[in-house]
Amino acid sequence: MTSPITRREALARLAAITGAVAIGAEAFVAGCSRAPSAVPRTFSAGDVALLDEIGDTIIPATDTPGAKSIGIGALMATLATDCYEDDAFASFRRGLDAVESACRAKYGTSFVQTPAAQRTALLNEIDAEQREHGRTRERDEPPHYFRLMKELTLLGYFSSEVGCTQALRYVESPGAYHGDVPYAKGDRIWFNPTRRVS
């Protein structure tokens with residue numbers, strides 16, 4: 001029987017298996033060099049604070065810092081502004097209002113003021129909604145906003161210094177070959193920036 005893993009361990013394994021750079025690729029414009037857009041692309045300080053809290057709910061602080069510690073809100077806002085196609089950006093932007101509205105309807109407070117356990121419960125419900133959306137969406141339909149938020153959180157966190165060196169075990173590469181590295185149950189997985197996943 002296998003023992004359950006934490007959310008952080010699951011996300012770390014996902015990042016290692018899929019390669020963090022591949023996360024979110026569907027919505028990105030190649031090289032982040034999109035054409036000028038008629039869609040306004042701005043985020044307020046309040047929007048960035050909300051994105052910080054969403055990211056920190058997805059990857060909360062444990063024995064290592066959470067996503068908020070790396071400024072995930074500002075990073076998500078920048079990547080969405082500079083790199084998303086118009087339809088993906090619009091979905092992401094609408095998602096901020098959707099999360100806030102859902103939180104106010106369910107708990108009567110803003111997401112930023114809601115306790116962590118309630119934030120997690122709300123985002124789990126939204127995540128179930130986005131998984132269903134992913135199963136039924138049309139090919140030309142943009143991804144669900146929460147999928148985009150999760151992908152940017154994973155990409156930002158696991159490509160940051162904190163994510164690479166504290167949440168994962170970092171191995172500077174290129175380096176020497178060590179074919180027999182001791183491993184103890186519960187050790188963090190290794191991060192290797194040159195590892196290719198096929």
# chains A, B, ... in the order shown; residues from 1 in each chain; ligands from 1
call {"tool": "residues_around", "arguments": {"residues": "Glu100 (chain A)", "least_positions_apart": "5", "cutoff": "12 Å", "atoms": "only C-alpha atoms", "output": "list in words"}}
result
Gly46, Asp47, Ala49, Leu50, Leu51, Glu53, Ile54, Arg93, Arg94, Gly95, Ala105, Lys106, Tyr107, Gly108, Thr109, Ser110, Phe111, Val112, Gln113, Thr114, Arg119, Leu122, Leu123 and Ile126 of chain A
call {"tool": "write_last_selection", "arguments": {"atoms": "N, CA and C atoms", "output": "mmCIF file, in the first residue's frame"}}
result
data_model
loop_
_atom_site.group_PDB
_atom_site.id
_atom_site.type_symbol
_atom_site.label_atom_id
_atom_site.label_comp_id
_atom_site.auth_asym_id
_atom_site.auth_seq_id
_atom_site.Cartn_x
_atom_site.Cartn_y
_atom_site.Cartn_z
ATOM 1 N N GLY A 46 -4.522 45.454 -6.596
ATOM 2 C CA GLY A 46 -5.461 44.511 -5.973
ATOM 3 C C GLY A 46 -5.532 43.195 -6.725
ATOM 4 N N ASP A 47 -5.458 43.263 -8.067
ATOM 5 C CA ASP A 47 -5.455 42.043 -8.879
ATOM 6 C C ASP A 47 -4.218 41.200 -8.579
ATOM 7 N N ALA A 49 -2.435 41.260 -5.836
ATOM 8 C CA ALA A 49 -2.572 40.709 -4.475
ATOM 9 C C ALA A 49 -3.477 39.480 -4.490
ATOM 10 N N LEU A 50 -4.563 39.527 -5.277
ATOM 11 C CA LEU A 50 -5.460 38.368 -5.392
ATOM 12 C C LEU A 50 -4.728 37.194 -6.040
ATOM 13 N N LEU A 51 -3.955 37.448 -7.082
ATOM 14 C CA LEU A 51 -3.181 36.381 -7.726
ATOM 15 C C LEU A 51 -2.146 35.796 -6.767
ATOM 16 N N GLU A 53 -2.509 35.478 -3.557
ATOM 17 C CA GLU A 53 -3.233 34.599 -2.625
ATOM 18 C C GLU A 53 -3.717 33.320 -3.311
ATOM 19 N N ILE A 54 -4.137 33.436 -4.575
ATOM 20 C CA ILE A 54 -4.534 32.236 -5.329
ATOM 21 C C ILE A 54 -3.322 31.312 -5.479
ATOM 22 N N ARG A 93 -8.291 36.822 -17.258
ATOM 23 C CA ARG A 93 -8.729 38.083 -16.628
ATOM 24 C C ARG A 93 -10.125 37.926 -16.018
ATOM 25 N N ARG A 94 -11.037 37.276 -16.762
ATOM 26 C CA ARG A 94 -12.387 37.023 -16.235
ATOM 27 C C ARG A 94 -12.321 36.138 -14.998
ATOM 28 N N GLY A 95 -11.333 35.269 -14.963
ATOM 29 C CA GLY A 95 -11.180 34.361 -13.839
ATOM 30 C C GLY A 95 -10.965 35.061 -12.515
ATOM 31 N N ALA A 105 -19.891 34.961 -2.723
ATOM 32 C CA ALA A 105 -21.177 34.256 -2.680
ATOM 33 C C ALA A 105 -21.157 33.128 -1.654
ATOM 34 N N LYS A 106 -20.036 32.424 -1.558
ATOM 35 C CA LYS A 106 -19.956 31.258 -0.670
ATOM 36 C C LYS A 106 -19.665 31.631 0.784
ATOM 37 N N TYR A 107 -18.758 32.600 0.989
ATOM 38 C CA TYR A 107 -18.299 32.911 2.343
ATOM 39 C C TYR A 107 -18.619 34.336 2.813
ATOM 40 N N GLY A 108 -19.047 35.195 1.895
ATOM 41 C CA GLY A 108 -19.383 36.562 2.275
ATOM 42 C C GLY A 108 -18.189 37.476 2.481
ATOM 43 N N THR A 109 -17.001 37.029 2.075
ATOM 44 C CA THR A 109 -15.800 37.856 2.192
ATOM 45 C C THR A 109 -14.993 37.772 0.904
ATOM 46 N N SER A 110 -14.048 38.688 0.754
ATOM 47 C CA SER A 110 -13.162 38.633 -0.407
ATOM 48 C C SER A 110 -12.210 37.448 -0.242
ATOM 49 N N PHE A 111 -11.657 36.991 -1.337
ATOM 50 C CA PHE A 111 -10.746 35.844 -1.300
ATOM 51 C C PHE A 111 -9.552 36.143 -0.402
ATOM 52 N N VAL A 112 -9.022 37.354 -0.496
ATOM 53 C CA VAL A 112 -7.844 37.740 0.279
ATOM 54 C C VAL A 112 -8.119 37.668 1.779
ATOM 55 N N GLN A 113 -9.353 37.924 2.209
ATOM 56 C CA GLN A 113 -9.697 37.937 3.635
ATOM 57 C C GLN A 113 -10.236 36.600 4.139
ATOM 58 N N THR A 114 -10.397 35.649 3.249
ATOM 59 C CA THR A 114 -10.969 34.351 3.622
ATOM 60 C C THR A 114 -9.893 33.441 4.210
ATOM 61 N N ARG A 119 -10.399 28.934 1.423
ATOM 62 C CA ARG A 119 -9.832 29.221 0.092
ATOM 63 C C ARG A 119 -9.547 27.906 -0.651
ATOM 64 N N LEU A 122 -12.732 26.243 -1.808
ATOM 65 C CA LEU A 122 -13.284 26.938 -2.969
ATOM 66 C C LEU A 122 -12.492 26.614 -4.230
ATOM 67 N N LEU A 123 -11.168 26.677 -4.146
ATOM 68 C CA LEU A 123 -10.354 26.402 -5.329
ATOM 69 C C LEU A 123 -10.459 24.939 -5.756
ATOM 70 N N ILE A 126 -13.554 24.899 -7.858
ATOM 71 C CA ILE A 126 -13.280 25.517 -9.160
ATOM 72 C C ILE A 126 -12.406 24.592 -10.001
#
call {"tool": "select_by_dssp", "arguments": {"residues": "region 134-189 of chain A", "states": "helix (DSSP H, G or I)", "output": "PyMOL selection string"}}
result
chain A and resi 134-136+145-158+161-167
call {"tool": "write_last_selection", "arguments": {"atoms": "C-alpha atoms", "output": "CSV table (one decimal), in the first residue's frame"}}
result
chain,number,residue,atom,x,y,z
A,134,GLY,CA,-11.3,20.5,-20.1
A,135,ARG,CA,-13.1,17.3,-21.0
A,136,THR,CA,-15.9,19.0,-22.9
A,145,TYR,CA,-9.2,30.4,-16.3
A,146,PHE,CA,-8.2,28.2,-13.3
A,147,ARG,CA,-6.2,25.9,-15.5
A,148,LEU,CA,-4.2,28.9,-16.6
A,149,MET,CA,-3.8,30.1,-13.1
A,150,LYS,CA,-2.5,26.7,-11.9
A,151,GLU,CA,-0.1,26.4,-14.8
A,152,LEU,CA,1.4,29.8,-14.3
A,153,THR,CA,1.7,29.1,-10.6
A,154,LEU,CA,3.6,25.9,-11.3
A,155,LEU,CA,5.7,27.4,-14.0
A,156,GLY,CA,6.6,30.4,-11.9
A,157,TYR,CA,7.2,28.6,-8.6
A,158,PHE,CA,9.2,25.6,-10.0
A,161,GLU,CA,15.3,30.0,-7.2
A,162,VAL,CA,13.1,29.1,-4.2
A,163,GLY,CA,11.3,26.3,-6.1
A,164,CYS,CA,14.4,24.9,-7.6
A,165,THR,CA,16.6,25.0,-4.5
A,166,GLN,CA,14.2,24.6,-1.6
A,167,ALA,CA,11.1,22.7,-2.9
call {"tool": "atom_distance", "arguments": {"atom1": "CA of Ser91 (chain A)", "atom2": "CA of Ala61 (chain A)"}}
result
27.5 Å
call {"tool": "closest_residue", "arguments": {"among": "A:Pro115, A:Pro65, A:Gly73, A:Pro182", "to": "Leu168 (chain A)", "atoms": "only C-alpha atoms"}}
result
A:Pro65
call {"tool": "atom_distance", "arguments": {"atom1": "CA of Arg139 (chain A)", "atom2": "CA of Ala80 (chain A)"}}
result
20.4 Å
